[in-house]
Number of protein chains: 2
Amino acid sequence: MVTVDTLFTNAIVLTMDSEMNIYEPGAVAVQGNMISAVGLEEDILQKYSSAQRVDCQNKVLMPGLINAHTHVPMTLLRGLADDLRLDVWLMGYMMPVEREFVSPEFVDLGTRLACAEMIRGGVTAFADMYYYEDAVARATAQVGMRAVCSQTVLKFPSPDAQSYEESLNAAREFIIRWKGHPLITPSIAPHAPFTCTDEILRAASQLAVEFDVPLLTHIAETSFEVENSRIEHGMPVVPYVKKQNLFDAKVLAAHCVHIDEGEMRTMQRAGASVAHNPSSNVKLASGIANVKRMLELGLNVGIGTDGTASNNDLDMFEEIRLAAFMAKVSSQDPTAVPASTALLMATRMGAKALFIDDITGSIDSGKHADLILVEIRKLNNTPRFHRDPEGVYAQLVYASKASDVSDVMIDGQWLMRDRKLLTLNEEDLFTESQVYAQKIDEFLIAREESVISKLIAIGGASQEESFEVQVKVKVEALDSILNALQKTEIKTLRKRHYKEYDSYFSFDDAKQGLIRYREDHFIGEDGDIYNVRSRLTHIGLAEREQFAEKVLLSRSRYIAPATQSLRFYREYFKPQKEHEIEKDRLRFLIEYQNTEFFINLDEVKKPELGYFLEIKSRTWSRKDAEQKSMIALELLDYLDAAHGETIYDDYIKMLS
Amino acid sequence: MVTVDTLFTNAIVLTMDSEMNIYEPGAVAVQGNMISAVGLEEDILQKYSSAQRVDCQNKVLMPGLINAHTHVPMTLLRGLADDLRLDVWLMGYMMPVEREFVSPEFVDLGTRLACAEMIRGGVTAFADMYYYEDAVARATAQVGMRAVCSQTVLKFPSPDAQSYEESLNAAREFIIRWKGHPLITPSIAPHAPFTCTDEILRAASQLAVEFDVPLLTHIAETSFEVENSRIEHGMPVVPYVKKQNLFDAKVLAAHCVHIDEGEMRTMQRAGASVAHNPSSNVKLASGIANVKRMLELGLNVGIGTDGTASNNDLDMFEEIRLAAFMAKVSSQDPTAVPASTALLMATRMGAKALFIDDITGSIDSGKHADLILVEIRKLNNTPRFHRDPEGVYAQLVYASKASDVSDVMIDGQWLMRDRKLLTLNEEDLFTESQVYAQKIDEFLIAREESVISKLIAIGGASQEESFEVQVKVKVEALDSILNALQKTEIKTLRKRHYKEYDSYFSFDDAKQGLIRYREDHFIGEDGDIYNVRSRLTHIGLAEREQFAEKVLLSRSRYIAPATQSLRFYREYFKPQKEHEIEKDRLRFLIEYQNTEFFINLDEVKKPELGYFLEIKSRTWSRKDAEQKSMIALELLDYLDAAHGETIYDDYIKMLS
């Protein structure tokens, strides 16, 4: 008789081992942090005894679930912004808030909150990638969970590094510090091909190979990414990263929603794994990964929750169910990814995806004791049929809830008994998290107080202190003005031809002013478009004043290069109304009386407002402005346009 | 100061009313079974007082959820058979088990089990359709839940009726009995257009109009149904049922996965509603209903769980979340069906879908008190942001769980307090349900003991007691035989030409015999196929014996018309191996020496086995068999084929 530390008896043991053995009633012997034996209760009891007998009361005893992709500190951003498009969500909310708040303390708290939720839901190991990953690893180890922790590297400045060289160094140090830890596997995460450079991808792969640690990344999450990869690199994402030697390392690639069969084969041959994140992919409308085909091709697929900011929880039971559901509906085959396969992806196959299947993922003697108990005698899981041995997998996948997990042991240590967390204080987590939430709320509320602060928040906007004098008149046609511009006293320095497409956002609160999104198409001599430029301008209400007869003085505007799409700004600013104006503009830079002026000859085509002449000049002092306004009026006369009706309004204001 | 029975205070009140008012901290006054008032706590407390003050402890107080489509008694079949195709699931498992077990007692227990699960998950009203609906209504009313209960009518015999006339009468009586009940709205459910006749659809609609009760049905669940409707009726499903005057009634149509915009408009104009069942639709791989477009067109859409046999639970929180998710991924628009809309579909819009929105679905004074409390201070829902007023909807939809519901009141009566059910005994439900599960297990295990019993279980198979004498020889070519058949002593009564495609299923346990699926293509004089017939035959191992020299006597076989597809039988019988044989057959019915014989001239093309002559005759006694076998041998000689190698095996056995 062998004496062991703990003996689990009276359980429905799902081993998830290579033969998918089920023992009922089954038993498991645990010695230290290791599984000594598993089998039918009668067999185990003949060989093993223990002072600590755990009567499982006919619950399911199974390996803990593996969350193959998440960003644990983001639990603190859960529910911050939902039902938005990826870019609005990311650049409008996540990135500004992360820039402001992410710190080792933030990461530590977010990790503990995530661990608490995951332990409650039967997760024993996870793959994480974030910033300050050292703090993630520390908090995780302290809680007693198992994780592959991955330090993020990006080509942009990130919350924890000013440059990618800095984060590469941080990753190296991080890996050296944690390599060999019993619970933490350190790794490196070049964030995604499109947020890295060739150089970063190569360096990250080298580093992972040097230390024989996994490399985590995001691949082909959206069709947009694939499209861009084709344009930029002339190939889809997987061949591109292969060219950068990424697959020299042990790669765990999240998403892979938009990879083709060839790419699947490439990854399979390279021994790479996929982390499938169905909730995140469907919530953000990225698409449905073809998991059925991946599995057929022998590709190793785990299941992940992704971060809570896009899920919004860390519930692997929901994720497993959704993985089965999505495989079925997308392949139009209800037999695709049956329950046992879905559960396998979240256990043994998940461990393999994280490259830790020698340690965990199944109940095999010699593996570490990462075990959970799940109550299936629940109203939502009643009755229980015994005819089909696969039935218990269907019960777990299609009807069990995270809240049906009662006990969790990781590496031989109890982290939850009878739904009570043993290494975390829930009340503290509630209180501490809410303090952060309040700060973030205040930050965003302040930012959203005005359209201007929202504009500044997404970066790139700068207050341009350009004052202009301006006179604008309506004219019958442009020909006479064009002729007048040939007069001797006018010297043309530059001439440009644009088509301008303006979209104006207006708000119920008129004090917020207007946002103008302008797309300039530059027209060449041949009539072709040779360049396109987009700009975003905030137009304050009281920004103009009538300065002299017919002349306006316009004050500062906020201008930003419009790096995002019109659609982005529409969804970000949520205007109450939107108006469009299209015009053809001939723009001259001229000199008249030793003074530079811009002359705009506009034909406003949508709506059909007619022809306009605009004379503008930058100014820097009231005295200068006075002088220039006099010259501008003279110029107006010299161009034979002084009789035209003077327009004091922006075109947009002529509409209302 | 008005005194009321109950005063809810200190709540986050989501009214789900027409203005989507949220009161925080809010209060609700309940008098009897009605809501007297709702508003900010400070306002309500100024006007109302109560001896029963319910401190909601900052939980969400909201209208109970409406499950717009389910079959409650099917909870007893939960997890019986999963990951199967709809037809295998339905005809291989559900229908045989329902035929055997469904009774008023079964229905009563299943309803109570379902009610218990639904109350736990915050559901206060549901739309049901099943058999013995009177027992469903009785159990539901006893528990204290609200429901639209719908008696099913089918063109086939059903567990509670031998004919549709019988079930129509039962529906009429059922409606008369329950009309006006405070909790139960009786209704009629012509099961689906393809399981009804024109006459049933018309009669059901008339009955619903006569009593002004809703009419429930399934519409366009699969693309197959729509295809068939086009073939049979020359139009898709909605126009077809419209033609049968179905929309004269108040129709609640489940699924509508495969309806086009025109059909949506038809339903919208008719005031019909849709019950969207995302879990069931994706699990059975039926597809994803275009809910985004339905809502844009003003169609009223509720959310349902469908029966647990295809879900596998009655968890409306999951269903709401999945409704939002599926709308997003299928429209490739993450802003589609935002959280507030998804929740609306499960409350006010759901009530409207059931035609009971005058009674329930929102917290409005004058509506009945169907209220639930949901705890959002949970790890899976921490932290909480306040910036976006829509945020609380996102919390409920994307992160809350059914298990976060703590209290449920229906029609002013408490059914759950602090997670304890007040009108149901959970332990009894476990015990009673398990008794049924065991009986069903035994029934199915017995049935699955042999291939023959599985064959009989799906109906239509009959033991055909046809004995045959048979002689078969291999020949070089068929020409000489064809010529010989012209001889004077042979009288040809009939001649047919087939192509026969046989698929043989074999099993590891050889004693189980073989299943042969045969497709006969009848070839006309012109070489075209003019008919196709499929037959299923069970071939026992020891069914043939050598009878006389060269002659076999074949014994009875089980033959069934193959009403299902080859794929169906493959997935139902799960053979270990499958073989195919294709042959060209000329089949003559001839008279020779006053005895009728079938002559088969076969060219076996796949695999290429060559040419065969088969002489067969039905027999009824050993003596007759002896006589016929002698004549058969003579005939063989007369056809100049006696020198050919005699074949004692079926073609399939020549392969191994």
# chains A, B, ... in the order shown; residues from 1 in each chain; ligands from 1
>>> interface_residues(of="chain A", to="chain B", cutoff="6 Å", atoms="only C-alpha atoms", output="number ranges by chain")
A: 83-85, 117, 282-285, 287, 312-313, 325, 328-329, 332-335, 338, 379-380, 383, 385, 387, 398-399, 433-434, 437, 441
>>> residues_around(residues="stretch 172-185 of chain B", least_positions_apart="4", cutoff="6 Å", atoms="only C-alpha atoms", output="ChimeraX atom specification")
/B:146-148
>>> write_last_selection(atoms="N, CA and C atoms", output="JSON list (two decimals), in the first residue's frame")
[["chain", "number", "residue", "atom", "x", "y", "z"],
["B", 146, "ARG", "N", -45.53, 32.55, -15.73],
["B", 146, "ARG", "CA", -46.39, 33.04, -16.80],
["B", 146, "ARG", "C", -45.98, 32.34, -18.10],
["B", 147, "ALA", "N", -46.98, 31.94, -18.92],
["B", 147, "ALA", "CA", -46.62, 31.27, -20.17],
["B", 147, "ALA", "C", -47.71, 31.39, -21.23],
["B", 148, "VAL", "N", -47.26, 31.40, -22.46],
["B", 148, "VAL", "CA", -48.16, 31.15, -23.59],
["B", 148, "VAL", "C", -47.99, 29.66, -23.90]]
>>> select_by_dssp(residues="stretch 264-477 of chain A", states="helix (DSSP H, G or I)", output="count of residues only")
94
>>> select_by_dssp(residues="stretch 60-140 of chain B", states="strand (DSSP E or B)", output="ChimeraX atom specification")
/B:60-63,65-70,123-130
>>> write_last_selection(atoms="N, CA, C and O atoms", output="PDB file, in the first residue's frame")
ATOM      1  N   VAL B  60     -29.287  44.988  -9.813  1.00  0.00           N
ATOM      2  CA  VAL B  60     -30.139  45.441 -10.915  1.00  0.00           C
ATOM      3  C   VAL B  60     -31.548  44.884 -10.698  1.00  0.00           C
ATOM      4  O   VAL B  60     -31.718  43.681 -10.467  1.00  0.00           O
ATOM      5  N   LEU B  61     -32.527  45.769 -10.734  1.00  0.00           N
ATOM      6  CA  LEU B  61     -33.940  45.358 -10.681  1.00  0.00           C
ATOM      7  C   LEU B  61     -34.507  45.599 -12.068  1.00  0.00           C
ATOM      8  O   LEU B  61     -34.484  46.725 -12.572  1.00  0.00           O
ATOM      9  N   MET B  62     -34.986  44.562 -12.674  1.00  0.00           N
ATOM     10  CA  MET B  62     -35.434  44.689 -14.067  1.00  0.00           C
ATOM     11  C   MET B  62     -36.618  43.775 -14.334  1.00  0.00           C
ATOM     12  O   MET B  62     -36.920  42.893 -13.518  1.00  0.00           O
ATOM     13  N   PRO B  63     -37.309  43.980 -15.464  1.00  0.00           N
ATOM     14  CA  PRO B  63     -38.398  43.051 -15.791  1.00  0.00           C
ATOM     15  C   PRO B  63     -37.839  41.648 -16.005  1.00  0.00           C
ATOM     16  O   PRO B  63     -36.711  41.500 -16.488  1.00  0.00           O
ATOM     17  N   LEU B  65     -37.115  38.008 -17.646  1.00  0.00           N
ATOM     18  CA  LEU B  65     -36.798  37.687 -19.036  1.00  0.00           C
ATOM     19  C   LEU B  65     -37.918  36.847 -19.647  1.00  0.00           C
ATOM     20  O   LEU B  65     -38.581  36.068 -18.967  1.00  0.00           O
ATOM     21  N   ILE B  66     -38.097  37.024 -20.952  1.00  0.00           N
ATOM     22  CA  ILE B  66     -39.141  36.300 -21.680  1.00  0.00           C
ATOM     23  C   ILE B  66     -38.465  35.317 -22.623  1.00  0.00           C
ATOM     24  O   ILE B  66     -37.729  35.713 -23.521  1.00  0.00           O
ATOM     25  N   ASN B  67     -38.724  34.045 -22.412  1.00  0.00           N
ATOM     26  CA  ASN B  67     -38.190  33.003 -23.289  1.00  0.00           C
ATOM     27  C   ASN B  67     -39.225  32.767 -24.405  1.00  0.00           C
ATOM     28  O   ASN B  67     -40.261  32.159 -24.187  1.00  0.00           O
ATOM     29  N   ALA B  68     -38.909  33.244 -25.596  1.00  0.00           N
ATOM     30  CA  ALA B  68     -39.924  33.323 -26.653  1.00  0.00           C
ATOM     31  C   ALA B  68     -40.167  32.011 -27.405  1.00  0.00           C
ATOM     32  O   ALA B  68     -41.059  31.954 -28.255  1.00  0.00           O
ATOM     33  N   HIS B  69     -39.390  30.989 -27.105  1.00  0.00           N
ATOM     34  CA  HIS B  69     -39.640  29.714 -27.789  1.00  0.00           C
ATOM     35  C   HIS B  69     -38.966  28.575 -27.046  1.00  0.00           C
ATOM     36  O   HIS B  69     -37.746  28.553 -26.893  1.00  0.00           O
ATOM     37  N   THR B  70     -39.771  27.633 -26.610  1.00  0.00           N
ATOM     38  CA  THR B  70     -39.195  26.454 -25.977  1.00  0.00           C
ATOM     39  C   THR B  70     -40.191  25.297 -26.009  1.00  0.00           C
ATOM     40  O   THR B  70     -41.329  25.458 -26.459  1.00  0.00           O
ATOM     41  N   VAL B 123     -36.021  33.952 -15.759  1.00  0.00           N
ATOM     42  CA  VAL B 123     -37.099  33.947 -16.751  1.00  0.00           C
ATOM     43  C   VAL B 123     -38.435  33.996 -16.008  1.00  0.00           C
ATOM     44  O   VAL B 123     -38.647  33.242 -15.062  1.00  0.00           O
ATOM     45  N   THR B 124     -39.315  34.891 -16.425  1.00  0.00           N
ATOM     46  CA  THR B 124     -40.616  34.983 -15.764  1.00  0.00           C
ATOM     47  C   THR B 124     -41.763  34.559 -16.680  1.00  0.00           C
ATOM     48  O   THR B 124     -42.860  34.286 -16.206  1.00  0.00           O
ATOM     49  N   ALA B 125     -41.521  34.520 -17.986  1.00  0.00           N
ATOM     50  CA  ALA B 125     -42.578  34.088 -18.916  1.00  0.00           C
ATOM     51  C   ALA B 125     -41.935  33.359 -20.087  1.00  0.00           C
ATOM     52  O   ALA B 125     -40.802  33.654 -20.464  1.00  0.00           O
ATOM     53  N   PHE B 126     -42.683  32.403 -20.642  1.00  0.00           N
ATOM     54  CA  PHE B 126     -42.143  31.672 -21.788  1.00  0.00           C
ATOM     55  C   PHE B 126     -43.257  31.269 -22.731  1.00  0.00           C
ATOM     56  O   PHE B 126     -44.432  31.257 -22.358  1.00  0.00           O
ATOM     57  N   ALA B 127     -42.859  30.984 -23.973  1.00  0.00           N
ATOM     58  CA  ALA B 127     -43.804  30.476 -24.973  1.00  0.00           C
ATOM     59  C   ALA B 127     -43.449  29.019 -25.220  1.00  0.00           C
ATOM     60  O   ALA B 127     -42.325  28.703 -25.609  1.00  0.00           O
ATOM     61  N   ASP B 128     -44.433  28.152 -24.988  1.00  0.00           N
ATOM     62  CA  ASP B 128     -44.162  26.719 -25.112  1.00  0.00           C
ATOM     63  C   ASP B 128     -45.021  26.099 -26.198  1.00  0.00           C
ATOM     64  O   ASP B 128     -46.148  26.523 -26.442  1.00  0.00           O
ATOM     65  N   MET B 129     -44.495  25.088 -26.845  1.00  0.00           N
ATOM     66  CA  MET B 129     -45.365  24.231 -27.679  1.00  0.00           C
ATOM     67  C   MET B 129     -44.915  22.796 -27.525  1.00  0.00           C
ATOM     68  O   MET B 129     -43.742  22.473 -27.651  1.00  0.00           O
ATOM     69  N   TYR B 130     -45.882  21.956 -27.192  1.00  0.00           N
ATOM     70  CA  TYR B 130     -45.570  20.545 -27.029  1.00  0.00           C
ATOM     71  C   TYR B 130     -46.876  19.748 -27.095  1.00  0.00           C
ATOM     72  O   TYR B 130     -47.903  20.263 -27.531  1.00  0.00           O
TER      73      TYR B 130
END
>>> residues_around(residues="stretch 497-500 of chain A", least_positions_apart="3", cutoff="9 Å", atoms="only C-alpha atoms", output="list in words")
Arg518, Glu519, Asp520, His521, Phe522, Ile523, Gly524, Glu525, Ile529, Ile581, Glu582, Lys583, Asp584, Arg585, Leu586, Arg587 and Phe588 of chain A
>>> write_last_selection(atoms="N, CA, C and O atoms", output="PDB file, in the first residue's frame")
ATOM      1  N   ARG A 518     -12.186  66.501 -43.973  1.00  0.00           N
ATOM      2  CA  ARG A 518     -11.994  66.928 -45.364  1.00  0.00           C
ATOM      3  C   ARG A 518     -11.062  65.982 -46.099  1.00  0.00           C
ATOM      4  O   ARG A 518      -9.974  65.674 -45.620  1.00  0.00           O
ATOM      5  N   GLU A 519     -11.532  65.558 -47.276  1.00  0.00           N
ATOM      6  CA  GLU A 519     -10.671  64.778 -48.151  1.00  0.00           C
ATOM      7  C   GLU A 519     -10.345  65.648 -49.361  1.00  0.00           C
ATOM      8  O   GLU A 519     -11.246  66.064 -50.082  1.00  0.00           O
ATOM      9  N   ASP A 520      -9.054  65.944 -49.547  1.00  0.00           N
ATOM     10  CA  ASP A 520      -8.608  66.735 -50.715  1.00  0.00           C
ATOM     11  C   ASP A 520      -8.080  65.801 -51.778  1.00  0.00           C
ATOM     12  O   ASP A 520      -7.139  65.047 -51.518  1.00  0.00           O
ATOM     13  N   HIS A 521      -8.689  65.847 -52.943  1.00  0.00           N
ATOM     14  CA  HIS A 521      -8.116  65.128 -54.087  1.00  0.00           C
ATOM     15  C   HIS A 521      -7.336  66.138 -54.904  1.00  0.00           C
ATOM     16  O   HIS A 521      -7.901  67.107 -55.400  1.00  0.00           O
ATOM     17  N   PHE A 522      -6.035  65.932 -55.065  1.00  0.00           N
ATOM     18  CA  PHE A 522      -5.190  66.847 -55.844  1.00  0.00           C
ATOM     19  C   PHE A 522      -5.293  66.462 -57.320  1.00  0.00           C
ATOM     20  O   PHE A 522      -4.997  65.335 -57.684  1.00  0.00           O
ATOM     21  N   ILE A 523      -5.726  67.431 -58.139  1.00  0.00           N
ATOM     22  CA  ILE A 523      -5.918  67.157 -59.564  1.00  0.00           C
ATOM     23  C   ILE A 523      -4.720  67.692 -60.336  1.00  0.00           C
ATOM     24  O   ILE A 523      -4.342  68.865 -60.173  1.00  0.00           O
ATOM     25  N   GLY A 524      -4.120  66.863 -61.170  1.00  0.00           N
ATOM     26  CA  GLY A 524      -2.961  67.285 -61.966  1.00  0.00           C
ATOM     27  C   GLY A 524      -3.389  67.995 -63.236  1.00  0.00           C
ATOM     28  O   GLY A 524      -4.584  68.157 -63.506  1.00  0.00           O
ATOM     29  N   GLU A 525      -2.382  68.440 -64.032  1.00  0.00           N
ATOM     30  CA  GLU A 525      -2.647  69.135 -65.301  1.00  0.00           C
ATOM     31  C   GLU A 525      -3.517  68.271 -66.214  1.00  0.00           C
ATOM     32  O   GLU A 525      -4.347  68.762 -66.956  1.00  0.00           O
ATOM     33  N   ILE A 529      -6.196  62.431 -60.609  1.00  0.00           N
ATOM     34  CA  ILE A 529      -5.886  62.641 -59.188  1.00  0.00           C
ATOM     35  C   ILE A 529      -4.476  62.135 -58.935  1.00  0.00           C
ATOM     36  O   ILE A 529      -4.153  61.004 -59.264  1.00  0.00           O
ATOM     37  N   ILE A 581     -20.433  68.501 -48.155  1.00  0.00           N
ATOM     38  CA  ILE A 581     -20.215  69.557 -49.162  1.00  0.00           C
ATOM     39  C   ILE A 581     -19.096  69.103 -50.093  1.00  0.00           C
ATOM     40  O   ILE A 581     -18.051  68.650 -49.637  1.00  0.00           O
ATOM     41  N   GLU A 582     -19.359  69.214 -51.384  1.00  0.00           N
ATOM     42  CA  GLU A 582     -18.329  68.896 -52.383  1.00  0.00           C
ATOM     43  C   GLU A 582     -18.043  70.135 -53.205  1.00  0.00           C
ATOM     44  O   GLU A 582     -18.977  70.803 -53.653  1.00  0.00           O
ATOM     45  N   LYS A 583     -16.789  70.411 -53.382  1.00  0.00           N
ATOM     46  CA  LYS A 583     -16.486  71.560 -54.243  1.00  0.00           C
ATOM     47  C   LYS A 583     -15.223  71.326 -55.057  1.00  0.00           C
ATOM     48  O   LYS A 583     -14.370  70.512 -54.719  1.00  0.00           O
ATOM     49  N   ASP A 584     -15.147  72.084 -56.152  1.00  0.00           N
ATOM     50  CA  ASP A 584     -13.979  72.117 -57.002  1.00  0.00           C
ATOM     51  C   ASP A 584     -13.246  73.406 -56.630  1.00  0.00           C
ATOM     52  O   ASP A 584     -13.867  74.472 -56.571  1.00  0.00           O
ATOM     53  N   ARG A 585     -11.964  73.287 -56.311  1.00  0.00           N
ATOM     54  CA  ARG A 585     -11.246  74.478 -55.840  1.00  0.00           C
ATOM     55  C   ARG A 585      -9.969  74.681 -56.644  1.00  0.00           C
ATOM     56  O   ARG A 585      -9.138  73.775 -56.769  1.00  0.00           O
ATOM     57  N   LEU A 586      -9.839  75.903 -57.182  1.00  0.00           N
ATOM     58  CA  LEU A 586      -8.552  76.322 -57.735  1.00  0.00           C
ATOM     59  C   LEU A 586      -7.925  77.207 -56.685  1.00  0.00           C
ATOM     60  O   LEU A 586      -8.540  78.168 -56.216  1.00  0.00           O
ATOM     61  N   ARG A 587      -6.717  76.853 -56.251  1.00  0.00           N
ATOM     62  CA  ARG A 587      -6.083  77.596 -55.153  1.00  0.00           C
ATOM     63  C   ARG A 587      -4.784  78.205 -55.658  1.00  0.00           C
ATOM     64  O   ARG A 587      -3.887  77.503 -56.121  1.00  0.00           O
ATOM     65  N   PHE A 588      -4.725  79.514 -55.570  1.00  0.00           N
ATOM     66  CA  PHE A 588      -3.536  80.244 -56.017  1.00  0.00           C
ATOM     67  C   PHE A 588      -2.837  80.846 -54.810  1.00  0.00           C
ATOM     68  O   PHE A 588      -3.487  81.386 -53.918  1.00  0.00           O
TER      69      PHE A 588
END
>>> residues_around(residues="stretch 478-487 of chain A", least_positions_apart="5", cutoff="12 Å", atoms="only C-alpha atoms", output="JSON, numbers by chain")
{"A": [473, 492, 493, 495, 584, 585, 586, 587, 588, 589, 590, 591, 592, 598, 599, 600, 601, 602, 603, 604, 610, 611, 612, 613, 614, 615, 635, 636, 637, 638, 639, 640, 641, 642, 644]}
>>> residues_around(residues="B:Tyr517", least_positions_apart="4", cutoff="8 Å", atoms="only C-alpha atoms", output="ChimeraX atom specification")
/B:502-504,534-537,562,566
>>> residues_around(residues="stretch 15-21 of chain A", least_positions_apart="5", cutoff="9 Å", atoms="only C-alpha atoms", output="list in words")
Val38, Gly39, Leu61, Met62, Pro63, Ser340, Leu343, Leu344, Thr347, Arg348, Gly361, Ser362, Ile363 and Asp364 of chain A
>>> write_last_selection(atoms="N, CA and C atoms", output="short mmCIF file (atom, residue, chain, number, x, y, z; two decimals), in the first residue's frame")
data_model
loop_
_atom_site.label_atom_id
_atom_site.label_comp_id
_atom_site.auth_asym_id
_atom_site.auth_seq_id
_atom_site.Cartn_x
_atom_site.Cartn_y
_atom_site.Cartn_z
N VAL A 38 -4.17 7.19 -11.60
CA VAL A 38 -5.58 7.45 -11.90
C VAL A 38 -6.18 6.15 -12.41
N GLY A 39 -7.44 5.91 -12.06
CA GLY A 39 -8.08 4.69 -12.53
C GLY A 39 -9.43 4.51 -11.87
N LEU A 61 -14.36 14.92 -12.02
CA LEU A 61 -12.98 15.30 -11.71
C LEU A 61 -12.22 15.29 -13.02
N MET A 62 -11.66 16.42 -13.37
CA MET A 62 -11.01 16.51 -14.69
C MET A 62 -9.81 17.44 -14.63
N PRO A 63 -8.97 17.41 -15.67
CA PRO A 63 -7.86 18.37 -15.68
C PRO A 63 -8.40 19.79 -15.75
N SER A 340 -16.57 16.28 -27.09
CA SER A 340 -15.31 15.76 -26.57
C SER A 340 -14.12 16.49 -27.19
N LEU A 343 -13.82 19.99 -25.63
CA LEU A 343 -13.25 19.93 -24.29
C LEU A 343 -11.75 19.60 -24.35
N LEU A 344 -11.39 18.79 -25.31
CA LEU A 344 -9.98 18.45 -25.50
C LEU A 344 -9.16 19.69 -25.84
N THR A 347 -8.20 21.43 -22.82
CA THR A 347 -7.42 20.71 -21.80
C THR A 347 -6.09 20.25 -22.41
N ARG A 348 -6.03 19.00 -22.83
CA ARG A 348 -4.75 18.46 -23.30
C ARG A 348 -4.22 19.22 -24.51
N GLY A 361 -2.66 19.33 -18.53
CA GLY A 361 -3.60 19.19 -19.64
C GLY A 361 -4.39 17.90 -19.61
N SER A 362 -3.93 16.92 -18.82
CA SER A 362 -4.68 15.67 -18.70
C SER A 362 -4.36 15.03 -17.36
N ILE A 363 -5.23 14.09 -16.96
CA ILE A 363 -4.94 13.36 -15.72
C ILE A 363 -4.16 12.11 -16.10
N ASP A 364 -2.84 12.25 -16.07
CA ASP A 364 -1.93 11.14 -16.37
C ASP A 364 -0.94 11.08 -15.21
#
>>> residues_around(residues="stretch 367-373 of chain A", least_positions_apart="2", cutoff="8 Å", atoms="only C-alpha atoms", output="number ranges by chain")
A: 30, 33-35, 56, 59-64, 122, 124, 358-365, 375, 405-412
>>> atom_distance(atom1="atom CA of A:Val143", atom2="atom CA of A:Asp108")
11.0 Å
>>> atom_distance(atom1="atom CA of A:His71", atom2="atom CA of A:Ala309")
9.0 Å
>>> atom_distance(atom1="atom CA of A:His258", atom2="atom CA of A:Gly234")
15.9 Å
>>> closest_residue(among="B:Ala625, B:Ala272, B:Leu154, B:Ala170", to="B:Tyr132", atoms="only C-alpha atoms")
B:Ala170
>>> closest_residue(among="B:Phe355, B:Tyr501, B:Trp414, B:Phe194", to="B:Thr6", atoms="only C-alpha atoms")
B:Trp414
